[in-house]
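Colleague: Below you'll find final-v3.cif; it's mmCIF, C-alpha atoms.
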```cif
data_query
loop_
_atom_site.group_PDB
_atom_site.id
_atom_site.type_symbol
_atom_site.label_atom_id
_atom_site.label_comp_id
_atom_site.auth_asym_id
_atom_site.auth_seq_id
_atom_site.Cartn_x
_atom_site.Cartn_y
_atom_site.Cartn_z
ATOM 1 C CA MET A 1 0.000 0.000 0.000
ATOM 2 C CA GLY A 2 1.420 3.333 -1.010
ATOM 3 C CA THR A 3 0.627 7.005 -0.695
ATOM 4 C CA ALA A 4 -1.466 6.820 -3.873
ATOM 5 C CA ASP A 5 -3.672 4.155 -2.258
ATOM 6 C CA VAL A 6 -4.252 6.345 0.800
ATOM 7 C CA GLN A 7 -5.079 9.353 -1.423
ATOM 8 C CA GLN A 8 -7.444 7.196 -3.492
ATOM 9 C CA ALA A 9 -9.075 5.797 -0.329
ATOM 10 C CA MET A 10 -9.573 9.331 1.007
ATOM 11 C CA ARG A 11 -11.205 10.501 -2.244
ATOM 12 C CA LYS A 12 -13.431 7.403 -2.291
ATOM 13 C CA LEU A 13 -14.478 7.944 1.347
ATOM 14 C CA VAL A 14 -15.177 11.634 0.723
ATOM 15 C CA ALA A 15 -17.374 10.730 -2.274
ATOM 16 C CA ALA A 16 -19.329 8.244 -0.129
ATOM 17 C CA LEU A 17 -19.817 10.836 2.631
ATOM 18 C CA ASP A 18 -20.829 13.534 0.134
ATOM 19 C CA GLU A 19 -23.293 11.131 -1.494
ATOM 20 C CA LEU A 20 -25.027 10.786 1.889
ATOM 21 C CA GLY A 21 -24.730 14.506 2.686
ATOM 22 C CA ILE A 22 -22.694 13.728 5.799
ATOM 23 C CA PRO A 23 -20.588 16.628 7.143
ATOM 24 C CA TYR A 24 -16.962 15.625 7.803
ATOM 25 C CA ALA A 25 -13.492 17.081 8.107
ATOM 26 C CA ILE A 26 -10.214 15.500 7.037
ATOM 27 C CA VAL A 27 -7.849 15.413 10.040
ATOM 28 C CA GLU A 28 -4.545 13.857 11.144
ATOM 29 C CA GLY A 29 -1.849 13.001 8.585
ATOM 30 C CA MET A 30 -3.894 13.697 5.477
ATOM 31 C CA ALA A 31 -4.773 17.170 6.841
ATOM 32 C CA LEU A 32 -1.075 17.818 7.505
ATOM 33 C CA ASN A 33 -0.367 16.900 3.882
ATOM 34 C CA GLU A 34 -3.135 19.186 2.615
ATOM 35 C CA TYR A 35 -1.607 22.083 4.587
ATOM 36 C CA GLY A 36 1.823 21.513 3.065
ATOM 37 C CA TYR A 37 3.665 19.391 5.609
ATOM 38 C CA ARG A 38 4.300 16.181 3.702
ATOM 39 C CA ARG A 39 4.226 13.289 6.139
ATOM 40 C CA VAL A 40 3.864 9.686 5.092
ATOM 41 C CA THR A 41 0.621 8.283 6.410
ATOM 42 C CA VAL A 42 -0.941 4.871 5.911
ATOM 43 C CA ASP A 43 -4.486 5.749 6.936
ATOM 44 C CA VAL A 44 -7.184 8.366 6.515
ATOM 45 C CA GLY A 45 -8.227 10.426 9.529
ATOM 46 C CA ILE A 46 -11.739 11.810 9.491
ATOM 47 C CA LEU A 47 -13.894 13.733 11.939
ATOM 48 C CA LEU A 48 -17.581 12.775 12.192
ATOM 49 C CA THR A 49 -20.395 13.044 14.693
ATOM 50 C CA ARG A 50 -21.529 9.782 16.325
ATOM 51 C CA GLU A 51 -24.781 9.966 14.382
ATOM 52 C CA SER A 52 -22.963 10.496 11.084
ATOM 53 C CA LEU A 53 -20.638 7.572 11.763
ATOM 54 C CA GLN A 54 -23.627 5.326 12.400
ATOM 55 C CA ARG A 55 -25.375 6.590 9.276
ATOM 56 C CA PHE A 56 -22.257 5.908 7.221
ATOM 57 C CA LYS A 57 -22.008 2.395 8.658
ATOM 58 C CA ASP A 58 -25.701 1.719 8.005
ATOM 59 C CA ASN A 59 -25.204 2.636 4.350
ATOM 60 C CA TRP A 60 -21.698 1.399 3.555
ATOM 61 C CA LEU A 61 -20.725 -1.546 5.768
ATOM 62 C CA GLY A 62 -20.572 -4.595 3.536
ATOM 63 C CA ARG A 63 -20.509 -2.325 0.465
ATOM 64 C CA GLY A 64 -16.797 -1.578 0.285
ATOM 65 C CA TYR A 65 -16.145 -0.933 3.983
ATOM 66 C CA VAL A 66 -15.842 -3.122 7.075
ATOM 67 C CA GLU A 67 -15.231 -2.268 10.716
ATOM 68 C CA LYS A 68 -11.643 -2.803 11.897
ATOM 69 C CA PHE A 69 -13.257 -5.038 14.521
ATOM 70 C CA PRO A 70 -16.914 -5.408 15.579
ATOM 71 C CA GLY A 71 -18.190 -2.174 17.112
ATOM 72 C CA SER A 72 -15.045 -0.261 16.133
ATOM 73 C CA ARG A 73 -15.063 3.362 15.046
ATOM 74 C CA GLY A 74 -12.275 2.458 12.655
ATOM 75 C CA LEU A 75 -13.119 1.359 9.146
ATOM 76 C CA ARG A 76 -11.220 -0.431 6.411
ATOM 77 C CA ASP A 77 -11.676 0.036 2.676
ATOM 78 C CA THR A 78 -12.032 -3.544 1.407
ATOM 79 C CA GLU A 79 -10.840 -2.696 -2.105
ATOM 80 C CA LEU A 80 -7.720 -0.719 -1.206
ATOM 81 C CA GLY A 81 -6.999 -2.155 2.262
ATOM 82 C CA VAL A 82 -6.646 1.356 3.717
ATOM 83 C CA THR A 83 -7.811 2.017 7.267
ATOM 84 C CA THR A 84 -9.873 5.055 8.227
ATOM 85 C CA ASP A 85 -9.531 6.325 11.784
ATOM 86 C CA VAL A 86 -12.706 8.111 12.823
ATOM 87 C CA LEU A 87 -12.466 10.854 15.428
ATOM 88 C CA VAL A 88 -15.808 11.669 17.014
ATOM 89 C CA THR A 89 -17.276 15.077 17.846
ATOM 90 C CA GLY A 90 -17.290 15.662 21.592
ATOM 91 C CA ASP A 91 -14.484 13.197 22.366
ATOM 92 C CA TYR A 92 -11.164 14.422 23.762
ATOM 93 C CA PRO A 93 -7.828 14.295 21.909
ATOM 94 C CA GLY A 94 -4.851 12.311 23.173
ATOM 95 C CA ASP A 95 -5.596 10.308 26.278
ATOM 96 C CA GLY A 96 -9.369 10.689 25.875
ATOM 97 C CA GLN A 97 -9.678 12.353 29.289
ATOM 98 C CA PRO A 98 -11.808 15.495 29.721
ATOM 99 C CA LYS A 99 -9.961 18.713 28.902
ATOM 100 C CA PRO A 100 -10.858 22.142 27.523
ATOM 101 C CA VAL A 101 -10.248 20.962 23.930
ATOM 102 C CA GLN A 102 -12.725 18.557 22.312
ATOM 103 C CA PHE A 103 -13.184 17.315 18.766
ATOM 104 C CA PRO A 104 -15.545 19.837 17.119
ATOM 105 C CA ASP A 105 -18.599 19.258 14.964
ATOM 106 C CA PRO A 106 -17.360 19.141 11.357
ATOM 107 C CA ALA A 107 -20.554 20.856 10.173
ATOM 108 C CA GLU A 108 -19.494 23.915 12.184
ATOM 109 C CA VAL A 109 -15.758 24.077 11.424
ATOM 110 C CA ALA A 110 -14.856 22.322 8.163
ATOM 111 C CA ILE A 111 -13.409 24.394 5.323
ATOM 112 C CA ARG A 112 -14.380 23.166 1.872
ATOM 113 C CA GLY A 113 -12.010 23.432 -1.038
ATOM 114 C CA GLY A 114 -10.362 21.229 -3.624
ATOM 115 C CA GLY A 115 -13.174 18.695 -3.345
ATOM 116 C CA LEU A 116 -12.497 18.148 0.367
ATOM 117 C CA ALA A 117 -13.748 19.350 3.714
ATOM 118 C CA LEU A 118 -10.703 20.057 5.863
ATOM 119 C CA ILE A 119 -10.258 20.909 9.527
ATOM 120 C CA PRO A 120 -9.061 24.534 9.816
ATOM 121 C CA LEU A 121 -5.323 24.919 10.463
ATOM 122 C CA ALA A 122 -5.787 26.589 13.873
ATOM 123 C CA LYS A 123 -8.138 23.794 14.997
ATOM 124 C CA LEU A 124 -5.730 21.109 13.720
ATOM 125 C CA ILE A 125 -2.895 22.702 15.688
ATOM 126 C CA GLU A 126 -5.097 23.046 18.770
ATOM 127 C CA LEU A 127 -6.089 19.357 18.646
ATOM 128 C CA LYS A 128 -2.500 18.220 18.010
ATOM 129 C CA LEU A 129 -1.214 20.275 20.952
ATOM 130 C CA ALA A 130 -3.994 19.070 23.271
ATOM 131 C CA SER A 131 -3.185 15.491 22.315
ATOM 132 C CA GLY A 132 0.597 15.843 22.521
ATOM 133 C CA MET A 133 0.463 17.533 25.914
ATOM 134 C CA THR A 134 -1.388 14.571 27.483
ATOM 135 C CA SER A 135 1.294 11.910 27.243
ATOM 136 C CA ILE A 136 4.843 11.284 26.049
ATOM 137 C CA HIS A 137 3.283 8.567 23.884
ATOM 138 C CA ARG A 138 1.636 11.362 21.877
ATOM 139 C CA ALA A 139 4.835 13.394 21.382
ATOM 140 C CA LYS A 140 4.507 12.908 17.615
ATOM 141 C CA ASP A 141 1.567 15.335 17.737
ATOM 142 C CA ILE A 142 3.834 18.054 19.162
ATOM 143 C CA GLY A 143 6.345 17.220 16.433
ATOM 144 C CA ASP A 144 3.593 17.609 13.836
ATOM 145 C CA VAL A 145 2.891 21.131 15.121
ATOM 146 C CA VAL A 146 6.610 21.962 14.940
ATOM 147 C CA GLU A 147 6.763 20.727 11.349
ATOM 148 C CA LEU A 148 3.581 22.596 10.405
ATOM 149 C CA ILE A 149 5.036 25.830 11.753
ATOM 150 C CA LYS A 150 8.306 25.222 9.887
ATOM 151 C CA HIS A 151 6.813 24.092 6.567
ATOM 152 C CA THR A 152 3.833 26.422 6.285
ATOM 153 C CA GLN A 153 5.222 29.667 7.743
ATOM 154 C CA THR A 154 2.344 29.588 10.218
ATOM 155 C CA PRO A 155 2.058 33.070 11.733
ATOM 156 C CA ARG A 156 2.557 33.646 15.454
ATOM 157 C CA GLU A 157 -0.880 35.308 15.597
ATOM 158 C CA LEU A 158 -2.488 31.954 14.851
ATOM 159 C CA GLY A 159 -1.884 31.202 18.525
ATOM 160 C CA ASN A 160 -4.633 33.682 19.361
ATOM 161 C CA LYS A 161 -7.117 31.344 17.620
ATOM 162 C CA VAL A 162 -6.304 28.223 19.667
ATOM 163 C CA ASP A 163 -7.775 27.331 23.034
ATOM 164 C CA PRO A 164 -6.071 29.107 25.973
ATOM 165 C CA SER A 165 -5.160 25.690 27.434
ATOM 166 C CA VAL A 166 -2.684 25.116 24.575
ATOM 167 C CA ARG A 167 -1.910 28.705 23.548
ATOM 168 C CA THR A 168 1.226 29.105 25.690
ATOM 169 C CA ARG A 169 2.680 25.887 24.230
ATOM 170 C CA TYR A 170 2.009 27.124 20.691
ATOM 171 C CA PHE A 171 3.782 30.418 21.382
ATOM 172 C CA GLU A 172 6.729 28.576 23.009
ATOM 173 C CA LEU A 173 7.132 26.349 19.948
ATOM 174 C CA TRP A 174 6.686 29.217 17.482
ATOM 175 C CA ASP A 175 9.184 31.439 19.311
ATOM 176 C CA ALA A 176 11.759 28.629 19.626
ATOM 177 C CA LEU A 177 11.540 27.982 15.885
ATOM 178 C CA GLN A 178 12.551 31.550 15.051
ATOM 179 C CA THR A 179 16.195 30.771 15.794
ATOM 180 C CA PRO A 180 18.257 28.872 13.197
ATOM 181 C CA ASP A 181 18.544 25.119 13.591
ATOM 182 C CA PRO A 182 22.033 24.478 15.077
ATOM 183 C CA MET A 183 22.182 21.172 13.181
ATOM 184 C CA PRO A 184 20.584 21.784 9.768
ATOM 185 C CA GLU A 185 19.489 18.724 7.816
#
```
Re-express the file's structure as structure tokens.

Modeller:
Amino acid sequence: MGTADVQQAMRKLVAALDELGIPYAIVEGMALNEYGYRRVTVDVGILLTRESLQRFKDNWLGRGYVEKFPGSRGLRDTELGVTTDVLVTGDYPGDGQPKPVQFPDPAEVAIRGGGLALIPLAKLIELKLASGMTSIHRAKDIGDVVELIKHTQTPRELGNKVDPSVRTRYFELWDALQTPDPMPE
């Protein structure tokens, strides 16, 4: 399975969601790629409400999609073998424990363009920071924010759009990245 398979699986999933009129937002690695930070990813991350996930399952399970395991939020494209990780509105990023940052309703936040509905950059950064700050096991999420800032020239002012619980961390990362890398690649 290559990057082309994941891209194809994402486009196929988006078409199925659009066919049903289900609001969604592309998140995780594919969102990073859409914003210009190219990171290899082997799955599609998507944000749905619980109701939308159930509606999708009612219409598509057994018709090109199966659950990763019975009752799972995760799905697998049976044709391409690509997994879709579903993040659910109202759940909490990272360790899943209550915190000021929750997964939003895609109908309220998604930005449409290029045939996709994408999580806004500030919200993606907010979710990544909230996740990465919960556990060392989620440090990759902090790294993703660092790479986004580096690769997309994300402005410092974007920090004013993220939840106050993660704002200081954003500003710390942004400020630290303004000095040259002592060991350039």

Colleague: Translate the PyMOL selection byres ((chain A and resi 162) around 10) into a concrete residue list for this structure, as a ChimeraX atom specification.

Modeller: /A:101,121-127,129,157-161,163-168,170

Colleague: Since I can't run it myself right now, could you work out what the PyMOL selection byres ((chain A and resi 88) around 10) selects here and report it as a VMD selection string?

Modeller: chain A and resid 46 to 53 73 85 to 87 89 to 93 102 to 106

Colleague: For the atom pair atom CA of A:Thr78 and atom CA of A:Tyr65, what is the interatomic distance in Å to one decimal place?

Modeller: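 Separation between atom CA of A:Thr78 and atom CA of A:Tyr65: 5.5 Å.
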
Colleague: Please evaluate the PyMOL selection byres ((chain A and resi 39) around 10) against the structure above and give the resulting residues as a list in words.

Modeller: Thr3, Gly29, Met30, Ala31, Leu32, Asn33, Gly36, Tyr37, Arg38, Val40, Thr41, Val42, Asp144 and Glu147 of chain A

Colleague: Let me have the centre and edge lengths in Å, one decimal, of the box along x, y and z around every listed atom of stretch 175-185 of chain A with 8 Å of margin on each side, as lines of an AutoDock Vina configuration file.

Modeller:
```
center_x = 15.7
center_y = 25.1
center_z = 13.7
size_x = 29.0
size_y = 28.8
size_z = 27.8
```

Colleague: Would you work out the distance separating atom CA of A:Asp95 from atom CA of A:Ser72, expressed in Å to one decimal?

Modeller: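 Straight-line distance from atom CA of A:Asp95 to atom CA of A:Ser72 works out to 17.4 Å.
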
Colleague: Calculate how many Å separate atom CA of A:Trp60 from atom CA of A:Ala16, rounding to one decimal.

Modeller: 8.1 Å

Colleague: Between A:Ile22, A:Val44, A:Thr84, A:Gly94, which residue has the minimum interatomic distance to A:Ala139, considering all atoms listed in the file?

Modeller: A:Gly94

Colleague: Mind checking which residues fall within 12 Å of A:Gly113, counting only C-alpha atoms, ignoring those fewer than 3 positions away in the same chain, and posting them as a PyMOL selection string?

Modeller: chain A and resi 25-26+34-35+110+116-120

Colleague: Which protein, DNA or RNA residues have an atom at most 6 Å from (9.5, 29.0, 13.2), counting all atoms listed in the file? List them as a ChimeraX atom specification.

Modeller: /A:149-150,174,177-178
